[in-house]
$ cat data_10.pdb   # PDB, C-alpha atoms
MODEL        1
ATOM      1  CA  ALA A  15     -10.625 -12.182  -8.330  1.00  0.00           C
ATOM      2  CA  ARG A  16      -9.068 -11.028  -5.062  1.00  0.00           C
ATOM      3  CA  THR A  17     -12.047  -8.809  -4.305  1.00  0.00           C
ATOM      4  CA  ALA A  18     -14.659 -11.315  -5.476  1.00  0.00           C
ATOM      5  CA  CYS A  19     -13.461 -13.694  -2.762  1.00  0.00           C
ATOM      6  CA  GLN A  20     -14.884 -11.224  -0.220  1.00  0.00           C
ATOM      7  CA  LEU A  21     -18.401 -11.210  -1.665  1.00  0.00           C
ATOM      8  CA  PRO A  22     -19.722 -13.954   0.676  1.00  0.00           C
ATOM      9  CA  ALA A  23     -19.817 -11.132   3.271  1.00  0.00           C
ATOM     10  CA  LEU A  24     -22.611  -9.658   1.118  1.00  0.00           C
ATOM     11  CA  ARG A  25     -24.612 -12.882   0.672  1.00  0.00           C
ATOM     12  CA  GLY A  26     -28.312 -12.614   1.510  1.00  0.00           C
ATOM     13  CA  LEU A  27     -28.427  -8.805   1.334  1.00  0.00           C
ATOM     14  CA  GLY A  28     -30.271  -8.514  -1.984  1.00  0.00           C
ATOM     15  CA  VAL A  29     -27.269  -6.965  -3.730  1.00  0.00           C
ATOM     16  CA  GLN A  30     -28.038  -5.101  -6.934  1.00  0.00           C
ATOM     17  CA  SER A  31     -24.513  -3.932  -7.780  1.00  0.00           C
ATOM     18  CA  VAL A  32     -21.019  -3.822  -6.291  1.00  0.00           C
ATOM     19  CA  ASN A  33     -18.390  -1.222  -7.068  1.00  0.00           C
ATOM     20  CA  ALA A  34     -14.826  -1.558  -5.818  1.00  0.00           C
ATOM     21  CA  TRP A  35     -12.086   1.028  -6.042  1.00  0.00           C
ATOM     22  CA  PRO A  36      -8.530   1.190  -4.731  1.00  0.00           C
ATOM     23  CA  PHE A  37      -8.036   4.119  -2.387  1.00  0.00           C
ATOM     24  CA  ALA A  38      -4.417   3.642  -1.255  1.00  0.00           C
ATOM     25  CA  ARG A  39      -1.203   1.649  -1.673  1.00  0.00           C
ATOM     26  CA  GLN A  40       1.065   1.191   1.333  1.00  0.00           C
ATOM     27  CA  ALA A  41       4.669   0.031   1.646  1.00  0.00           C
ATOM     28  CA  LEU A  42       4.754  -2.638   4.342  1.00  0.00           C
ATOM     29  CA  PRO A  43       7.243  -2.480   7.229  1.00  0.00           C
ATOM     30  CA  GLY A  44      10.447  -4.458   6.892  1.00  0.00           C
ATOM     31  CA  GLY A  45      10.448  -4.353   3.103  1.00  0.00           C
ATOM     32  CA  ALA A  46       7.609  -6.907   2.879  1.00  0.00           C
ATOM     33  CA  GLY A  47       6.240  -5.387  -0.319  1.00  0.00           C
ATOM     34  CA  THR A  48       3.303  -3.125  -1.035  1.00  0.00           C
ATOM     35  CA  ALA A  49      -0.290  -3.661   0.050  1.00  0.00           C
ATOM     36  CA  SER A  50      -3.402  -2.313  -1.629  1.00  0.00           C
ATOM     37  CA  TRP A  51      -6.455  -0.899   0.142  1.00  0.00           C
ATOM     38  CA  LEU A  52      -9.831  -1.185  -1.595  1.00  0.00           C
ATOM     39  CA  CYS A  53     -13.290  -0.004  -0.796  1.00  0.00           C
ATOM     40  CA  ALA A  54     -16.235  -2.123  -1.972  1.00  0.00           C
ATOM     41  CA  ARG A  55     -19.719  -0.641  -1.887  1.00  0.00           C
ATOM     42  CA  ALA A  56     -22.767  -2.840  -2.470  1.00  0.00           C
ATOM     43  CA  GLU A  57     -26.095  -1.260  -3.339  1.00  0.00           C
ATOM     44  CA  THR A  58     -29.163  -3.337  -2.567  1.00  0.00           C
ATOM     45  CA  TRP A  59     -32.600  -3.754  -4.118  1.00  0.00           C
ATOM     46  CA  ARG A  60     -34.123  -2.485  -0.865  1.00  0.00           C
ATOM     47  CA  GLY A  61     -33.699   1.173  -1.808  1.00  0.00           C
ATOM     48  CA  PRO A  62     -31.242   3.381   0.053  1.00  0.00           C
ATOM     49  CA  GLY A  63     -29.634   0.501   1.952  1.00  0.00           C
ATOM     50  CA  SER A  64     -26.010  -0.224   1.162  1.00  0.00           C
ATOM     51  CA  ARG A  65     -23.033  -2.041   2.662  1.00  0.00           C
ATOM     52  CA  THR A  66     -19.466  -0.795   2.560  1.00  0.00           C
ATOM     53  CA  LEU A  67     -16.400  -3.009   3.046  1.00  0.00           C
ATOM     54  CA  SER A  68     -12.748  -2.049   3.325  1.00  0.00           C
ATOM     55  CA  VAL A  69     -10.400  -4.700   1.950  1.00  0.00           C
ATOM     56  CA  PHE A  70      -6.668  -5.020   2.676  1.00  0.00           C
ATOM     57  CA  GLN A  71      -4.660  -6.892   0.035  1.00  0.00           C
ATOM     58  CA  ALA A  72      -1.152  -7.864   1.138  1.00  0.00           C
ATOM     59  CA  PRO A  73       1.375  -9.205  -1.387  1.00  0.00           C
ATOM     60  CA  ALA A  74       1.032 -12.871  -2.276  1.00  0.00           C
ATOM     61  CA  PRO A  75       3.268 -15.435  -0.574  1.00  0.00           C
ATOM     62  CA  SER A  76       6.126 -16.770  -2.703  1.00  0.00           C
ATOM     63  CA  GLY A  77       4.992 -18.933  -5.575  1.00  0.00           C
ATOM     64  CA  GLN A  78       1.346 -17.789  -5.532  1.00  0.00           C
ATOM     65  CA  PRO A  79      -0.169 -15.485  -8.159  1.00  0.00           C
ATOM     66  CA  TYR A  80      -2.122 -13.503  -5.552  1.00  0.00           C
ATOM     67  CA  ALA A  81      -3.369 -13.695  -1.987  1.00  0.00           C
ATOM     68  CA  THR A  82      -6.978 -13.274  -0.975  1.00  0.00           C
ATOM     69  CA  GLY A  83      -7.709  -9.886   0.530  1.00  0.00           C
ATOM     70  CA  ALA A  84      -8.991  -9.470   4.073  1.00  0.00           C
ATOM     71  CA  VAL A  85     -12.109  -7.492   4.968  1.00  0.00           C
ATOM     72  CA  THR A  86     -10.980  -5.051   7.659  1.00  0.00           C
ATOM     73  CA  ALA A  87     -14.279  -3.272   8.335  1.00  0.00           C
ATOM     74  CA  ALA A  88     -17.909  -3.197   7.247  1.00  0.00           C
ATOM     75  CA  ALA A  89     -20.575  -0.543   7.625  1.00  0.00           C
ATOM     76  CA  GLU A  90     -24.304  -0.504   6.890  1.00  0.00           C
ATOM     77  CA  GLY A  91     -25.797   2.511   5.154  1.00  0.00           C
ATOM     78  CA  GLY A  92     -23.863   5.752   5.236  1.00  0.00           C
ATOM     79  CA  THR A  93     -22.039   7.487   2.435  1.00  0.00           C
ATOM     80  CA  ALA A  94     -18.494   6.084   2.710  1.00  0.00           C
ATOM     81  CA  CYS A  95     -17.088   5.055  -0.666  1.00  0.00           C
ATOM     82  CA  GLY A  96     -20.161   6.346  -2.437  1.00  0.00           C
ATOM     83  CA  PRO A  97     -20.523   8.781  -5.313  1.00  0.00           C
ATOM     84  CA  ARG A  98     -21.547  11.598  -2.945  1.00  0.00           C
ATOM     85  CA  ALA A  99     -18.754  11.031  -0.395  1.00  0.00           C
ATOM     86  CA  PRO A 100     -15.849   8.984  -1.744  1.00  0.00           C
ATOM     87  CA  ARG A 101     -13.904   9.367   1.513  1.00  0.00           C
ATOM     88  CA  VAL A 102     -12.743   6.413   3.611  1.00  0.00           C
ATOM     89  CA  LEU A 103     -10.331   5.573   6.444  1.00  0.00           C
ATOM     90  CA  ALA A 104      -9.578   1.976   7.458  1.00  0.00           C
ATOM     91  CA  GLY A 105      -7.044  -0.004   9.460  1.00  0.00           C
ATOM     92  CA  VAL A 106      -5.841  -3.540  10.129  1.00  0.00           C
ATOM     93  CA  LEU A 107      -3.499  -5.407  12.469  1.00  0.00           C
ATOM     94  CA  TRP A 108      -0.781  -7.024  10.345  1.00  0.00           C
ATOM     95  CA  LYS A 109       1.954  -9.464  11.378  1.00  0.00           C
ATOM     96  CA  SER A 110       5.311  -9.025   9.646  1.00  0.00           C
ATOM     97  CA  GLY A 111       7.622 -11.871   8.664  1.00  0.00           C
ATOM     98  CA  ASP A 112       9.776 -11.281  11.768  1.00  0.00           C
ATOM     99  CA  GLY A 113       6.733 -11.789  14.035  1.00  0.00           C
ATOM    100  CA  ALA A 114       6.162  -8.120  14.895  1.00  0.00           C
ATOM    101  CA  TRP A 115       2.602  -6.769  14.909  1.00  0.00           C
ATOM    102  CA  TRP A 116       1.711  -3.493  13.219  1.00  0.00           C
ATOM    103  CA  LEU A 117      -1.325  -1.265  13.075  1.00  0.00           C
ATOM    104  CA  LEU A 118      -1.601  -0.235   9.445  1.00  0.00           C
ATOM    105  CA  ALA A 119      -4.088   2.380   8.321  1.00  0.00           C
ATOM    106  CA  ALA A 120      -4.840   4.200   5.103  1.00  0.00           C
ATOM    107  CA  GLY A 121      -7.171   6.953   4.001  1.00  0.00           C
ATOM    108  CA  SER A 122      -8.440   8.195   0.690  1.00  0.00           C
ATOM    109  CA  ARG A 123      -6.869  11.237  -1.011  1.00  0.00           C
ATOM    110  CA  GLU A 124      -8.679  13.813   1.146  1.00  0.00           C
ATOM    111  CA  VAL A 125      -7.147  12.462   4.387  1.00  0.00           C
ATOM    112  CA  THR A 126      -4.228  14.623   5.574  1.00  0.00           C
ATOM    113  CA  SER A 127      -3.453  12.963   8.927  1.00  0.00           C
ATOM    114  CA  ILE A 128      -4.388   9.856  10.928  1.00  0.00           C
ATOM    115  CA  ALA A 129      -4.553   9.383  14.706  1.00  0.00           C
ATOM    116  CA  ALA A 130      -4.931   6.132  16.651  1.00  0.00           C
ATOM    117  CA  THR A 131      -6.430   6.137  20.148  1.00  0.00           C
ATOM    118  CA  GLY A 132      -7.758   3.519  22.536  1.00  0.00           C
ATOM    119  CA  GLY A 133      -5.373   0.656  23.262  1.00  0.00           C
ATOM    120  CA  VAL A 134      -2.862   2.147  20.800  1.00  0.00           C
ATOM    121  CA  ARG A 135      -1.687   5.753  20.652  1.00  0.00           C
ATOM    122  CA  GLY A 136       0.108   7.338  17.744  1.00  0.00           C
ATOM    123  CA  GLY A 137      -0.375   9.235  14.545  1.00  0.00           C
ATOM    124  CA  ALA A 138       1.019  10.248  11.207  1.00  0.00           C
ATOM    125  CA  THR A 139       0.882  13.184   8.852  1.00  0.00           C
ATOM    126  CA  GLY A 140      -0.475  12.128   5.484  1.00  0.00           C
ATOM    127  CA  ARG A 141      -2.874   9.351   4.605  1.00  0.00           C
ATOM    128  CA  LEU A 142      -0.821   6.324   5.685  1.00  0.00           C
ATOM    129  CA  LEU A 143      -0.008   5.051   9.190  1.00  0.00           C
ATOM    130  CA  ALA A 144       2.234   2.210  10.394  1.00  0.00           C
ATOM    131  CA  LEU A 145       2.664   1.737  14.164  1.00  0.00           C
ATOM    132  CA  ARG A 146       4.368  -1.211  15.855  1.00  0.00           C
ATOM    133  CA  VAL A 147       1.917  -2.551  18.449  1.00  0.00           C
ATOM    134  CA  PRO A 148       1.515  -5.478  20.862  1.00  0.00           C
ATOM    135  CA  ALA A 149      -0.395  -8.513  19.578  1.00  0.00           C
ATOM    136  CA  GLY A 150      -4.150  -8.219  20.118  1.00  0.00           C
ATOM    137  CA  SER A 151      -4.149  -4.418  20.223  1.00  0.00           C
ATOM    138  CA  HIS A 152      -7.322  -2.452  19.562  1.00  0.00           C
ATOM    139  CA  ALA A 153      -7.480   1.074  18.226  1.00  0.00           C
ATOM    140  CA  GLN A 154      -9.950   3.687  17.110  1.00  0.00           C
ATOM    141  CA  LEU A 155      -8.910   5.656  14.040  1.00  0.00           C
ATOM    142  CA  THR A 156      -9.714   9.250  13.192  1.00  0.00           C
ATOM    143  CA  GLY A 157      -8.435  11.376  10.372  1.00  0.00           C
ATOM    144  CA  ARG A 158      -8.344  14.993   9.322  1.00  0.00           C
ATOM    145  CA  LEU A 159      -9.564  15.995   5.882  1.00  0.00           C
ATOM    146  CA  SER A 160      -8.024  18.581   3.562  1.00  0.00           C
ATOM    147  CA  GLY A 161     -11.106  20.799   4.014  1.00  0.00           C
ATOM    148  CA  GLY A 162     -10.644  20.777   7.806  1.00  0.00           C
ATOM    149  CA  GLY A 163     -13.288  18.161   8.599  1.00  0.00           C
ATOM    150  CA  ARG A 164     -12.881  14.881  10.455  1.00  0.00           C
ATOM    151  CA  ILE A 165     -13.403  11.262   9.390  1.00  0.00           C
ATOM    152  CA  ASP A 166     -13.716   8.184  11.582  1.00  0.00           C
ATOM    153  CA  GLY A 167     -12.389   4.774  10.687  1.00  0.00           C
ATOM    154  CA  LEU A 168     -14.862   2.629   8.773  1.00  0.00           C
ATOM    155  CA  GLY A 169     -16.790   0.144  10.847  1.00  0.00           C
TER     156      GLY A 169
ENDMDL
END
$ encode --input "data_10.pdb" --output "structure tokens"
Amino acid sequence: ARTACQLPALRGLGVQSVNAWPFARQALPGGAGTASWLCARAETWRGPGSRTLSVFQAPAPSGQPYATGAVTAAAEGGTACGPRAPRVLAGVLWKSGDGAWWLLAAGSREVTSIAATGGVRGGATGRLLALRVPAGSHAQLTGRLSGGGRIDGLG
């Protein structure tokens, strides 16, 4: 249900099928729980065209069964999240309960490190990143893959 709420982003594209898979779980700063990262890939009737969405699902507020996920990036075409290249890297600005802003990022299993550049600078070894940032920050994400290659953030 949490992912289905994001399907309006695919309306009017002639979607034939949608596959969604979780690619990471991330402990949120300040003990705010654990978020899930999903990748949704929609194949269309128009042949090789597809649309890929990354979805961030934070824990539900108190008293609610679940919270709607947030689409953090979308890409047309390409191979991200597909059967031939199941790799993905995505990020989101997230506001903690104490009012602090964070750049959170996650990569699929093949990601071994993440770097943020642009308005934010920082990095992490592994496939998860959490950097405290000023409100309204912008960042470009890149990651290193276990085979030595590079991956850019989705979107």
$ residues_around --input "data_10.pdb" --residues "A:Arg101" --least-positions-apart "6" --cutoff "7 Å" --atoms "all atoms listed in the file" --output "MDAnalysis selection string"
chainID A and resid 94:95 122 124
$ residues_around --input "data_10.pdb" --residues "A:Ala144" --least-positions-apart "3" --cutoff "12 Å" --atoms "all atoms listed in the file" --output "PyMOL selection string"
chain A and resi 40-44+105-110+114-120+128-130+134-141+147
$ closest_atom_pairs --input "data_10.pdb" --of "stretch 67-157 of chain A" --to "stretch 50-58 of chain A" --cutoff "7 Å" --atoms "all atoms listed in the file" --output "Markdown table"
| residue | atom | partner | partner_atom | distance |
| --- | --- | --- | --- | --- |
| A:Leu67 | CA | A:Ala54 | CA | 5.1 |
| A:Ser68 | CA | A:Cys53 | CA | 4.6 |
| A:Val69 | CA | A:Leu52 | CA | 5.0 |
| A:Phe70 | CA | A:Trp51 | CA | 4.8 |
| A:Gln71 | CA | A:Ser50 | CA | 5.0 |
| A:Ala72 | CA | A:Ser50 | CA | 6.6 |
| A:Cys95 | CA | A:Cys53 | CA | 6.3 |
$ closest_residue --input "data_10.pdb" --among "A:Ala104, A:Val125, A:Ala46, A:Leu143" --to "A:Ser160" --atoms "only C-alpha atoms"
A:Val125
$ atom_distance --input "data_10.pdb" --atom1 "atom CA of A:Leu142" --atom2 "atom CA of A:Gly92"
23.1 Å
$ atom_distance --input "data_10.pdb" --atom1 "atom CA of A:Arg146" --atom2 "atom CA of A:Pro73"
19.2 Å
$ closest_residue --input "data_10.pdb" --among "A:Ala49, A:Gly111, A:Ala38, A:Ala149" --to "A:Ala84" --atoms "all atoms listed in the file"
A:Ala49
$ atom_distance --input "data_10.pdb" --atom1 "atom CA of A:Gly91" --atom2 "atom CA of A:Ile165"
15.8 Å
$ closest_residue --input "data_10.pdb" --among "A:Val102, A:Ala74, A:Gly150, A:Gly167" --to "A:Thr131" --atoms "only C-alpha atoms"
A:Gly167
$ closest_residue --input "data_10.pdb" --among "A:Gly45, A:Thr66, A:Arg98, A:Ala34" --to "A:Thr86" --atoms "all atoms listed in the file"
A:Thr66
$ resolve_selection --input "data_10.pdb" --expression "the PyMOL selection byres ((chain A and resi 158) around 6)" --output "ChimeraX atom specification"
/A:125-127,157,159,163-164
$ closest_residue --input "data_10.pdb" --among "A:Thr93, A:Pro148, A:Tyr80, A:Arg123" --to "A:Gly161" --atoms "all atoms listed in the file"
A:Arg123
